[in-house]
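Have a look at upload-v3.cif below; it lists mmCIF, C-alpha atoms.
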data_start
#
loop_
_atom_site.group_PDB
_atom_site.id
_atom_site.type_symbol
_atom_site.label_atom_id
_atom_site.label_comp_id
_atom_site.auth_asym_id
_atom_site.auth_seq_id
_atom_site.Cartn_x
_atom_site.Cartn_y
_atom_site.Cartn_z
ATOM 1 C CA MET A 2 6.897 31.213 78.956
ATOM 2 C CA THR A 3 6.209 34.817 79.867
ATOM 3 C CA GLN A 4 6.741 37.257 77.019
ATOM 4 C CA LEU A 5 8.001 40.760 77.589
ATOM 5 C CA HIS A 6 5.955 43.471 75.917
ATOM 6 C CA LEU A 7 7.986 46.533 75.006
ATOM 7 C CA PRO A 8 6.326 49.949 74.872
ATOM 8 C CA ALA A 9 4.866 50.737 71.457
ATOM 9 C CA ASP A 10 7.003 53.847 71.140
ATOM 10 C CA ARG A 11 10.264 52.101 72.099
ATOM 11 C CA THR A 12 11.591 52.066 68.523
ATOM 12 C CA HIS A 13 10.631 55.706 68.032
ATOM 13 C CA GLU A 14 12.452 56.638 71.232
ATOM 14 C CA GLN A 15 15.594 54.783 70.130
ATOM 15 C CA HIS A 16 15.625 56.617 66.798
ATOM 16 C CA ARG A 17 15.088 59.919 68.590
ATOM 17 C CA LEU A 18 18.067 59.302 70.885
ATOM 18 C CA GLU A 19 20.266 58.175 67.982
ATOM 19 C CA ASN A 20 19.418 61.335 66.044
ATOM 20 C CA ARG A 21 20.015 63.541 69.062
ATOM 21 C CA TYR A 22 23.261 61.844 70.100
ATOM 22 C CA PRO A 23 24.941 60.626 66.885
ATOM 23 C CA GLY A 24 27.960 59.349 68.820
ATOM 24 C CA ILE A 25 25.840 56.663 70.505
ATOM 25 C CA TRP A 26 25.246 53.298 68.876
ATOM 26 C CA ARG A 27 24.229 49.802 69.919
ATOM 27 C CA ALA A 28 26.882 47.155 70.538
ATOM 28 C CA SER A 29 25.449 45.156 67.630
ATOM 29 C CA GLN A 30 25.804 48.100 65.217
ATOM 30 C CA LEU A 31 28.661 49.757 63.408
ATOM 31 C CA ALA A 32 29.618 53.047 64.981
ATOM 32 C CA HIS A 33 28.131 56.104 63.328
ATOM 33 C CA ASP A 34 28.845 59.718 64.127
ATOM 34 C CA MET A 35 29.805 62.976 62.430
ATOM 35 C CA ALA A 36 33.471 62.050 61.994
ATOM 36 C CA ALA A 37 34.895 62.669 58.519
ATOM 37 C CA THR A 38 35.774 59.718 56.300
ATOM 38 C CA ILE A 39 36.976 59.164 52.754
ATOM 39 C CA HIS A 40 35.693 56.527 50.335
ATOM 40 C CA THR A 41 37.995 53.489 50.313
ATOM 41 C CA GLY A 42 37.281 52.854 46.629
ATOM 42 C CA TYR A 43 35.924 49.416 47.547
ATOM 43 C CA ILE A 44 32.156 49.265 48.021
ATOM 44 C CA ALA A 45 32.266 46.008 49.986
ATOM 45 C CA LEU A 46 34.882 47.414 52.369
ATOM 46 C CA ASN A 47 32.956 50.655 52.909
ATOM 47 C CA GLN A 48 29.997 48.611 54.090
ATOM 48 C CA GLU A 49 32.120 47.129 56.883
ATOM 49 C CA LEU A 50 33.597 50.392 58.163
ATOM 50 C CA PRO A 51 32.034 52.949 60.523
ATOM 51 C CA ASN A 52 30.749 55.947 58.556
ATOM 52 C CA ALA A 53 31.421 53.995 55.344
ATOM 53 C CA GLY A 54 35.060 54.879 54.726
ATOM 54 C CA TRP A 55 38.598 55.370 56.025
ATOM 55 C CA PRO A 56 38.445 57.717 59.042
ATOM 56 C CA LEU A 57 40.335 60.998 58.745
ATOM 57 C CA GLY A 58 42.379 62.315 61.657
ATOM 58 C CA GLN A 59 42.676 58.878 63.251
ATOM 59 C CA LEU A 60 45.300 56.164 63.509
ATOM 60 C CA ILE A 61 44.606 53.220 61.200
ATOM 61 C CA GLU A 62 46.798 50.106 61.270
ATOM 62 C CA ILE A 63 47.333 47.730 58.385
ATOM 63 C CA LEU A 64 49.022 44.467 59.329
ATOM 64 C CA ILE A 65 50.682 42.477 56.566
ATOM 65 C CA ALA A 66 53.087 39.543 56.442
ATOM 66 C CA GLN A 67 55.443 41.093 53.879
ATOM 67 C CA PHE A 68 55.757 44.816 53.306
ATOM 68 C CA GLY A 69 55.195 46.057 49.776
ATOM 69 C CA THR A 70 52.942 43.239 48.551
ATOM 70 C CA ALA A 71 49.414 44.673 48.720
ATOM 71 C CA GLU A 72 49.033 47.676 51.025
ATOM 72 C CA LEU A 73 49.308 50.386 48.358
ATOM 73 C CA ASN A 74 46.981 48.530 46.047
ATOM 74 C CA LEU A 75 44.430 48.646 48.863
ATOM 75 C CA LEU A 76 44.987 52.328 49.596
ATOM 76 C CA MET A 77 45.519 53.811 46.128
ATOM 77 C CA PRO A 78 41.817 54.440 45.350
ATOM 78 C CA ALA A 79 41.534 56.582 48.504
ATOM 79 C CA LEU A 80 44.834 58.381 47.885
ATOM 80 C CA LYS A 81 43.501 59.510 44.505
ATOM 81 C CA ARG A 82 40.551 61.161 46.247
ATOM 82 C CA LEU A 83 42.612 63.643 48.272
ATOM 83 C CA ASP A 84 42.216 66.573 45.844
ATOM 84 C CA HIS A 85 45.908 66.520 44.914
ATOM 85 C CA ARG A 86 47.082 67.056 48.502
ATOM 86 C CA PRO A 87 50.526 65.437 48.979
ATOM 87 C CA VAL A 88 50.835 61.846 50.139
ATOM 88 C CA ALA A 89 53.793 61.239 52.463
ATOM 89 C CA LEU A 90 55.454 57.821 52.213
ATOM 90 C CA LEU A 91 57.622 57.472 55.295
ATOM 91 C CA ALA A 92 60.201 54.649 55.390
ATOM 92 C CA PRO A 93 58.562 52.558 52.632
ATOM 93 C CA PRO A 94 60.108 49.126 51.980
ATOM 94 C CA HIS A 95 61.014 49.941 48.362
ATOM 95 C CA ILE A 96 61.615 52.948 46.130
ATOM 96 C CA PRO A 97 58.197 54.203 44.975
ATOM 97 C CA PHE A 98 57.437 53.777 41.282
ATOM 98 C CA ALA A 99 56.401 57.373 40.606
ATOM 99 C CA SER A 100 54.738 56.712 37.244
ATOM 100 C CA ALA A 101 52.108 54.564 38.925
ATOM 101 C CA TYR A 102 50.898 57.622 40.822
ATOM 102 C CA GLN A 103 50.670 59.830 37.730
ATOM 103 C CA GLN A 104 48.782 57.680 35.216
ATOM 104 C CA ASP A 105 45.649 59.813 35.235
ATOM 105 C CA ALA A 106 46.240 63.564 35.336
ATOM 106 C CA ALA A 107 42.837 64.153 36.935
ATOM 107 C CA GLU A 108 43.734 61.804 39.797
ATOM 108 C CA ALA A 109 47.511 62.241 39.935
ATOM 109 C CA VAL A 110 49.008 61.785 43.397
ATOM 110 C CA SER A 111 51.736 64.139 44.640
ATOM 111 C CA LEU A 112 54.361 62.193 46.575
ATOM 112 C CA LEU A 113 56.567 63.137 49.482
ATOM 113 C CA TRP A 114 59.061 60.274 49.841
ATOM 114 C CA ILE A 115 61.012 60.193 53.114
ATOM 115 C CA ALA A 116 63.538 57.373 53.424
ATOM 116 C CA GLY A 117 65.398 58.018 56.670
ATOM 117 C CA THR A 118 67.503 55.225 58.125
ATOM 118 C CA LYS A 119 67.026 55.897 61.843
ATOM 119 C CA HIS A 120 63.905 54.875 63.734
ATOM 120 C CA SER A 121 63.957 58.143 65.681
ATOM 121 C CA ASP A 122 64.055 60.108 62.417
ATOM 122 C CA HIS A 123 60.972 58.275 61.166
ATOM 123 C CA LEU A 124 59.005 59.109 64.302
ATOM 124 C CA TRP A 125 60.124 62.736 64.302
ATOM 125 C CA SER A 126 59.121 63.108 60.661
ATOM 126 C CA ALA A 127 55.712 61.541 61.320
ATOM 127 C CA GLU A 128 55.085 63.967 64.166
ATOM 128 C CA GLN A 129 56.031 66.987 62.044
ATOM 129 C CA ILE A 130 53.804 65.899 59.157
ATOM 130 C CA LEU A 131 50.824 65.413 61.457
ATOM 131 C CA LYS A 132 51.424 68.706 63.242
ATOM 132 C CA ASN A 133 51.739 70.600 59.970
ATOM 133 C CA GLY A 134 48.611 69.059 58.476
ATOM 134 C CA SER A 135 49.519 69.947 54.895
ATOM 135 C CA CYS A 136 49.643 66.330 53.653
ATOM 136 C CA GLY A 137 46.446 64.610 52.678
ATOM 137 C CA ALA A 138 47.793 61.249 53.824
ATOM 138 C CA LEU A 139 50.698 59.807 55.780
ATOM 139 C CA LEU A 140 51.783 56.194 55.349
ATOM 140 C CA LEU A 141 54.356 55.020 57.884
ATOM 141 C CA TRP A 142 56.009 51.594 57.656
ATOM 142 C CA GLN A 143 57.380 50.301 60.970
ATOM 143 C CA LYS A 144 58.484 46.819 61.975
ATOM 144 C CA GLN A 145 58.671 47.776 65.648
ATOM 145 C CA ILE A 146 56.964 50.675 67.365
ATOM 146 C CA LYS A 147 55.979 51.194 70.996
ATOM 147 C CA THR A 148 52.364 51.535 72.075
ATOM 148 C CA GLU A 149 53.037 54.871 73.763
ATOM 149 C CA VAL A 150 54.513 56.212 70.511
ATOM 150 C CA LEU A 151 51.430 55.087 68.608
ATOM 151 C CA ARG A 152 49.276 56.814 71.194
ATOM 152 C CA ARG A 153 51.184 60.070 70.756
ATOM 153 C CA LEU A 154 50.882 59.887 66.967
ATOM 154 C CA HIS A 155 47.181 59.119 67.286
ATOM 155 C CA LEU A 156 46.643 62.209 69.429
ATOM 156 C CA LEU A 157 48.479 64.349 66.885
ATOM 157 C CA ALA A 158 46.440 62.862 64.040
ATOM 158 C CA GLN A 159 43.206 63.781 65.830
ATOM 159 C CA LYS A 160 44.151 67.449 65.538
ATOM 160 C CA SER A 161 44.294 67.147 61.745
ATOM 161 C CA GLN A 162 42.295 65.786 58.821
ATOM 162 C CA THR A 163 45.174 63.597 57.656
ATOM 163 C CA LEU A 164 44.497 60.091 56.407
ATOM 164 C CA PHE A 165 47.002 58.286 58.632
ATOM 165 C CA PHE A 166 48.121 54.666 58.239
ATOM 166 C CA VAL A 167 50.807 52.739 60.075
ATOM 167 C CA ILE A 168 51.790 49.545 58.253
ATOM 168 C CA ARG A 169 53.103 46.882 60.622
ATOM 169 C CA PRO A 170 54.027 43.171 60.522
ATOM 170 C CA MET A 171 51.226 40.661 60.995
ATOM 171 C CA GLN A 172 52.543 39.543 64.393
ATOM 172 C CA ALA A 173 51.792 43.014 65.763
ATOM 173 C CA ALA A 174 48.168 41.855 66.050
ATOM 174 C CA GLN A 175 49.129 40.404 69.451
ATOM 175 C CA SER A 176 50.163 43.831 70.743
ATOM 176 C CA PRO A 177 47.783 46.508 72.086
ATOM 177 C CA SER A 178 47.162 49.552 69.945
ATOM 178 C CA PRO A 179 45.207 52.812 70.221
ATOM 179 C CA ALA A 180 44.216 52.561 66.533
ATOM 180 C CA VAL A 181 40.499 53.003 65.902
ATOM 181 C CA LEU A 182 40.758 50.567 62.996
ATOM 182 C CA ARG A 183 43.067 47.573 62.565
ATOM 183 C CA ILE A 184 43.069 45.480 59.406
ATOM 184 C CA ALA A 185 44.981 42.324 58.550
ATOM 185 C CA LEU A 186 45.743 42.276 54.820
ATOM 186 C CA THR A 187 46.674 39.206 52.801
ATOM 187 C CA PRO A 188 47.360 39.254 49.030
ATOM 188 C CA LYS A 189 45.471 36.632 47.048
ATOM 189 C CA ALA A 190 45.609 35.385 43.481
ATOM 190 C CA SER A 191 42.741 37.605 42.341
ATOM 191 C CA GLY A 192 42.743 40.360 44.906
ATOM 192 C CA MET A 193 43.066 40.741 48.646
ATOM 193 C CA GLN A 194 41.687 39.246 51.824
ATOM 194 C CA ILE A 195 40.728 41.670 54.588
ATOM 195 C CA ASN A 196 40.270 40.669 58.209
ATOM 196 C CA ILE A 197 38.958 43.472 60.389
ATOM 197 C CA LEU A 198 40.644 42.970 63.756
ATOM 198 C CA LYS A 199 39.321 46.123 65.398
ATOM 199 C CA ARG A 200 36.703 48.704 64.549
ATOM 200 C CA ARG A 201 34.266 50.906 66.416
ATOM 201 C CA GLY A 202 31.061 48.967 66.895
ATOM 202 C CA ALA A 203 30.184 45.348 66.293
ATOM 203 C CA SER A 204 33.046 42.938 65.670
ATOM 204 C CA ASN A 205 33.326 40.975 62.448
ATOM 205 C CA GLU A 206 35.412 37.811 62.295
ATOM 206 C CA ALA A 207 34.446 36.832 58.748
ATOM 207 C CA PRO A 208 37.125 37.565 56.114
ATOM 208 C CA LEU A 209 36.304 39.974 53.304
ATOM 209 C CA PHE A 210 37.609 39.310 49.784
ATOM 210 C CA LEU A 211 38.238 42.255 47.491
ATOM 211 C CA TYR A 212 38.524 41.150 43.885
ATOM 212 C CA THR A 213 40.439 43.233 41.352
ATOM 213 C CA ASN A 214 41.159 42.771 37.669
ATOM 214 C CA ASP A 215 44.870 42.044 37.885
ATOM 215 C CA HIS A 216 47.849 42.277 40.164
ATOM 216 C CA PRO A 217 50.915 42.372 37.905
ATOM 217 C CA TYR A 218 53.252 43.271 40.755
ATOM 218 C CA LEU A 219 52.331 40.500 43.187
ATOM 219 C CA SER A 220 55.060 37.927 43.638
ATOM 220 C CA SER A 221 54.140 34.259 43.323
ATOM 221 C CA ARG A 222 55.958 33.728 46.602
ATOM 222 C CA VAL A 223 53.386 35.710 48.526
ATOM 223 C CA ILE A 224 50.211 34.874 46.605
ATOM 224 C CA GLU A 225 47.932 32.241 48.085
ATOM 225 C CA PRO A 226 45.194 30.762 45.875
ATOM 226 C CA LEU A 227 41.607 31.621 46.706
ATOM 227 C CA ARG A 228 39.610 28.671 48.009
ATOM 228 C CA GLN A 229 36.480 29.909 46.282
ATOM 229 C CA SER A 230 35.894 30.609 42.628
ATOM 230 C CA VAL A 231 36.456 34.103 41.342
ATOM 231 C CA PRO A 232 33.332 35.728 39.843
ATOM 232 C CA ASP A 233 33.275 36.808 36.218
ATOM 233 C CA SER A 234 33.407 40.487 37.174
ATOM 234 C CA PRO A 235 35.372 42.035 40.047
ATOM 235 C CA LEU A 236 33.428 42.568 43.269
ATOM 236 C CA GLY A 237 34.076 45.131 45.929
ATOM 237 C CA LEU A 238 35.965 47.664 43.793
ATOM 238 C CA SER A 239 34.066 50.740 42.662
ATOM 239 C CA ARG A 240 33.537 51.011 38.910
ATOM 240 C CA GLN A 241 35.922 53.914 38.336
ATOM 241 C CA ASP A 242 38.782 52.069 40.062
ATOM 242 C CA GLN A 243 38.428 48.634 38.465
ATOM 243 C CA GLN A 244 40.771 49.446 35.580
ATOM 244 C CA LYS A 245 43.449 51.329 37.544
ATOM 245 C CA GLN A 246 45.448 48.595 39.250
ATOM 246 C CA THR A 247 49.190 48.662 38.483
ATOM 247 C CA SER A 248 52.657 48.281 39.923
ATOM 248 C CA ILE A 249 53.369 50.796 42.665
ATOM 249 C CA PHE A 250 56.737 49.843 44.148
#

As C-alpha cells, what does this structure read like?
Amino acid sequence: MTQLHLPADRTHEQHRLENRYPGIWRASQLAHDMAATIHTGYIALNQELPNAGWPLGQLIEILIAQFGTAELNLLMPALKRLDHRPVALLAPPHIPFASAYQQDAAEAVSLLWIAGTKHSDHLWSAEQILKNGSCGALLLWQKQIKTEVLRRLHLLAQKSQTLFFVIRPMQAAQSPSPAVLRIALTPKASGMQINILKRRGASNEAPLFLYTNDHPYLSSRVIEPLRQSVPDSPLGLSRQDQQKQTSIF
C-alpha cells in the first residue's frame, strides 16, 4: 500500500492558519473563535461547548419534556455570573420562587418576571428586551413558535450581549431552528442528562450526565433512574456551585 507523506511543516501551517483566522476550524473539532461566552457552572458541559461556555448574543434552545422540571437548575449557575444584571423570565410555566434567586447576596439574581397571556405579547416583549440590551439574560418559554420568528429573535440577539434561551417541548427537535446550540434536557434521579443536538463544530451523540447533590424540587413523576451508579462526589458541577441547588419554581 502506498503511503502519503505530508510536508514536514504541514502541522505548523495549520496552526498558523488557525491563529490567523480564529473563525476557521476542522470538521472534527469544536468551533473556536473570539465570540463571548459565559461559564455554564458545569465543567463537563463547558468541555462540550464551543469556546467553553454558553454563547452570548446568540439563540440557544433547550428542549425538555415538561416545563419547569430542570431547565433553571441547569441555567442558575450561569445566571449568577451576570454581575447582577437583570434576568428576564418571559412566560415561565410557574410563578418564580424569588427566594431561590436571593440566597447568596454576592450572587443574588435580579428578576424581571413577565407573564403575558397572549403569544403575540410574548414575542413583542422578547424583541424589546433584546433590542434594549439591558438584561443580562432572557429566558423565553414557548410551546409553539415559528422558525421565521426564531430567526428574527436570533438576529436581534446578535446585536446584544444577552444570554438568550428559548425553552421548547422535546418534540421541537424535529423542527428546523437557527439556534447555534440546541440541547435536549432530561431530569434524572441524581442530576440531569444532556444531549447536544446541535453545536458549531463536531457532532456529539453521546449523552452527558451532570450530577448534583440534590434536587428537592424534582417530581417523582418526571424523574427517571440513572442506569449507571452515581459517584461518591458530584461530577460536572464546579466546586462553588455544588452546594447551591434548590427549588426555583

* Counting all atoms listed in the file, the residue of A:Lys119, A:Ala71, A:Ser161, A:Leu64 that sits nearest Ala174 of chain A ->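 Comparing A:Lys119, A:Ala71, A:Ser161, A:Leu64 against Ala174 of chain A, the winner is A:Leu64.
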
* To do: Given the file shown, determine the residues that the PyMOL selection byres ((chain A and resi 157) around 9) selects; report them as a list in words.
  => Gly58, Gln59, Glu128, Leu131, Lys132, Arg152, Arg153, Leu154, His155, Leu156, Ala158, Gln159, Lys160 and Ser161 of chain A

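Nearest residue to Ala89 of chain A among A:Pro56, A:Asn74, A:Ile130, A:Gly69 is A:Ile130, counting all atoms listed in the file.
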
* To do: To verify the selection step, state as a list of chain:residue names which residues the PyMOL selection byres ((chain A and resi 177) around 12) yields on this input.
  =>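 The output of the PyMOL selection byres ((chain A and resi 177) around 12) on this file is A:Glu62, A:Ile146, A:Lys147, A:Thr148, A:Glu149, A:Val150, A:Leu151, A:Arg152, A:Gln172, A:Ala173, A:Ala174, A:Gln175, A:Ser176, A:Ser178, A:Pro179, A:Ala180, A:Val181, A:Arg183, A:Leu198, A:Lys199.
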
* Asked: Applied to the shown file, which residues does the PyMOL selection byres ((chain A and resi 210) around 9) return, written as a list in words?
  ->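 Evaluating the PyMOL selection byres ((chain A and resi 210) around 9) on this file yields Ala45, Leu46, Lys189, Gly192, Met193, Gln194, Ile195, Asn196, Pro208, Leu209, Leu211, Tyr212, Leu236 and Gly237 of chain A.
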
Counting all atoms listed in the file, what are the residues of segment 72-138 of chain A within 8 Å of segment 33-42 of chain A, and for each of them which pair of atoms is the nearest and at what distance in Å, to one decimal? Sort the table by chain and rising number, as a Markdown table.
| residue | atom | partner | partner_atom | distance |
| --- | --- | --- | --- | --- |
| A:Leu76 | CA | A:Thr41 | CA | 7.1 |
| A:Pro78 | CA | A:Gly42 | CA | 5.0 |
| A:Ala79 | CA | A:Thr41 | CA | 5.0 |
| A:Arg82 | CA | A:Ile39 | CA | 7.7 |

* **atom CA of Asp84 of chain A to atom CA of Ile184 of chain A, distance in Å rounded to a single decimal** =>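 Going from atom CA of Asp84 of chain A over to atom CA of Ile184 of chain A, I get 25.1 Å.
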
* Could you tell me which of A:Pro170, A:Gly137, A:Gly202, A:Pro51 comes closest to His85 of chain A if we count all atoms listed in the file? => A:Gly137

* **Pairwise distance for atom CA of Glu206 of chain A and atom CA of Ile65 of chain A, rounded to one decimal in Å** => 17.0 Å

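If only C-alpha atoms are the atoms counted, then among A:Ala207, A:Ala53, A:Leu80, A:Ile115 the closest residue to Ala138 of chain A is A:Leu80.
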
Near Ala116 of chain A, counting only C-alpha atoms, which residues have an atom at most 9 Å away, once you skip same-chain residues fewer than 2 positions from it, shown as a PDB file with C-alpha atoms, in the frame of the given file?
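So around_3.pdb came out as:
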ATOM      1  CA  LEU A  90      55.454  57.821  52.213  1.00  0.00           C
ATOM      2  CA  LEU A  91      57.622  57.472  55.295  1.00  0.00           C
ATOM      3  CA  ALA A  92      60.201  54.649  55.390  1.00  0.00           C
ATOM      4  CA  PRO A  93      58.562  52.558  52.632  1.00  0.00           C
ATOM      5  CA  ILE A  96      61.615  52.948  46.130  1.00  0.00           C
ATOM      6  CA  TRP A 114      59.061  60.274  49.841  1.00  0.00           C
ATOM      7  CA  THR A 118      67.503  55.225  58.125  1.00  0.00           C
ATOM      8  CA  HIS A 123      60.972  58.275  61.166  1.00  0.00           C
TER       9      HIS A 123
END

Kindly output segment 31-51 of chain A as a PDB file, in the frame of the given file, after building N, CA and C atoms.
ATOM      1  N   LEU A  31      27.448  49.005  63.709  1.00  0.00           N
ATOM      2  CA  LEU A  31      28.661  49.757  63.408  1.00  0.00           C
ATOM      3  C   LEU A  31      28.528  51.150  64.015  1.00  0.00           C
ATOM      4  N   ALA A  32      29.639  51.690  64.447  1.00  0.00           N
ATOM      5  CA  ALA A  32      29.618  53.047  64.981  1.00  0.00           C
ATOM      6  C   ALA A  32      29.211  54.029  63.885  1.00  0.00           C
ATOM      7  N   HIS A  33      28.506  55.060  64.276  1.00  0.00           N
ATOM      8  CA  HIS A  33      28.131  56.104  63.328  1.00  0.00           C
ATOM      9  C   HIS A  33      28.125  57.432  64.077  1.00  0.00           C
ATOM     10  N   ASP A  34      28.787  58.394  63.518  1.00  0.00           N
ATOM     11  CA  ASP A  34      28.845  59.718  64.127  1.00  0.00           C
ATOM     12  C   ASP A  34      29.119  60.728  63.024  1.00  0.00           C
ATOM     13  N   MET A  35      29.565  61.909  63.398  1.00  0.00           N
ATOM     14  CA  MET A  35      29.805  62.976  62.430  1.00  0.00           C
ATOM     15  C   MET A  35      31.255  63.036  61.973  1.00  0.00           C
ATOM     16  N   ALA A  36      32.056  62.046  62.353  1.00  0.00           N
ATOM     17  CA  ALA A  36      33.471  62.050  61.994  1.00  0.00           C
ATOM     18  C   ALA A  36      33.648  61.948  60.478  1.00  0.00           C
ATOM     19  N   ALA A  37      34.644  62.649  59.959  1.00  0.00           N
ATOM     20  CA  ALA A  37      34.895  62.669  58.519  1.00  0.00           C
ATOM     21  C   ALA A  37      35.550  61.369  58.065  1.00  0.00           C
ATOM     22  N   THR A  38      35.173  60.914  56.905  1.00  0.00           N
ATOM     23  CA  THR A  38      35.774  59.718  56.300  1.00  0.00           C
ATOM     24  C   THR A  38      36.011  59.998  54.820  1.00  0.00           C
ATOM     25  N   ILE A  39      36.757  59.098  54.189  1.00  0.00           N
ATOM     26  CA  ILE A  39      36.976  59.164  52.754  1.00  0.00           C
ATOM     27  C   ILE A  39      36.694  57.786  52.170  1.00  0.00           C
ATOM     28  N   HIS A  40      36.071  57.769  51.011  1.00  0.00           N
ATOM     29  CA  HIS A  40      35.693  56.527  50.335  1.00  0.00           C
ATOM     30  C   HIS A  40      36.928  55.658  50.128  1.00  0.00           C
ATOM     31  N   THR A  41      36.847  54.383  50.484  1.00  0.00           N
ATOM     32  CA  THR A  41      37.995  53.489  50.313  1.00  0.00           C
ATOM     33  C   THR A  41      38.229  53.130  48.856  1.00  0.00           C
ATOM     34  N   GLY A  42      37.199  53.316  48.011  1.00  0.00           N
ATOM     35  CA  GLY A  42      37.281  52.854  46.629  1.00  0.00           C
ATOM     36  C   GLY A  42      36.731  51.459  46.463  1.00  0.00           C
ATOM     37  N   TYR A  43      36.459  50.773  47.567  1.00  0.00           N
ATOM     38  CA  TYR A  43      35.924  49.416  47.547  1.00  0.00           C
ATOM     39  C   TYR A  43      34.564  49.426  48.242  1.00  0.00           C
ATOM     40  N   ILE A  44      33.506  49.194  47.479  1.00  0.00           N
ATOM     41  CA  ILE A  44      32.156  49.265  48.021  1.00  0.00           C
ATOM     42  C   ILE A  44      31.975  48.269  49.160  1.00  0.00           C
ATOM     43  N   ALA A  45      32.447  47.041  48.964  1.00  0.00           N
ATOM     44  CA  ALA A  45      32.266  46.008  49.986  1.00  0.00           C
ATOM     45  C   ALA A  45      32.987  46.379  51.282  1.00  0.00           C
ATOM     46  N   LEU A  46      34.144  47.010  51.177  1.00  0.00           N
ATOM     47  CA  LEU A  46      34.882  47.414  52.369  1.00  0.00           C
ATOM     48  C   LEU A  46      34.186  48.576  53.067  1.00  0.00           C
ATOM     49  N   ASN A  47      33.688  49.537  52.307  1.00  0.00           N
ATOM     50  CA  ASN A  47      32.956  50.655  52.909  1.00  0.00           C
ATOM     51  C   ASN A  47      31.818  50.166  53.795  1.00  0.00           C
ATOM     52  N   GLN A  48      31.153  49.122  53.349  1.00  0.00           N
ATOM     53  CA  GLN A  48      29.997  48.611  54.090  1.00  0.00           C
ATOM     54  C   GLN A  48      30.382  48.009  55.434  1.00  0.00           C
ATOM     55  N   GLU A  49      31.667  47.726  55.630  1.00  0.00           N
ATOM     56  CA  GLU A  49      32.120  47.129  56.883  1.00  0.00           C
ATOM     57  C   GLU A  49      32.807  48.135  57.796  1.00  0.00           C
ATOM     58  N   LEU A  50      32.884  49.397  57.372  1.00  0.00           N
ATOM     59  CA  LEU A  50      33.597  50.392  58.163  1.00  0.00           C
ATOM     60  C   LEU A  50      32.629  51.428  58.735  1.00  0.00           C
ATOM     61  N   PRO A  51      32.857  51.875  59.964  1.00  0.00           N
ATOM     62  CA  PRO A  51      32.034  52.949  60.523  1.00  0.00           C
ATOM     63  C   PRO A  51      32.055  54.183  59.625  1.00  0.00           C
TER      64      PRO A  51
END
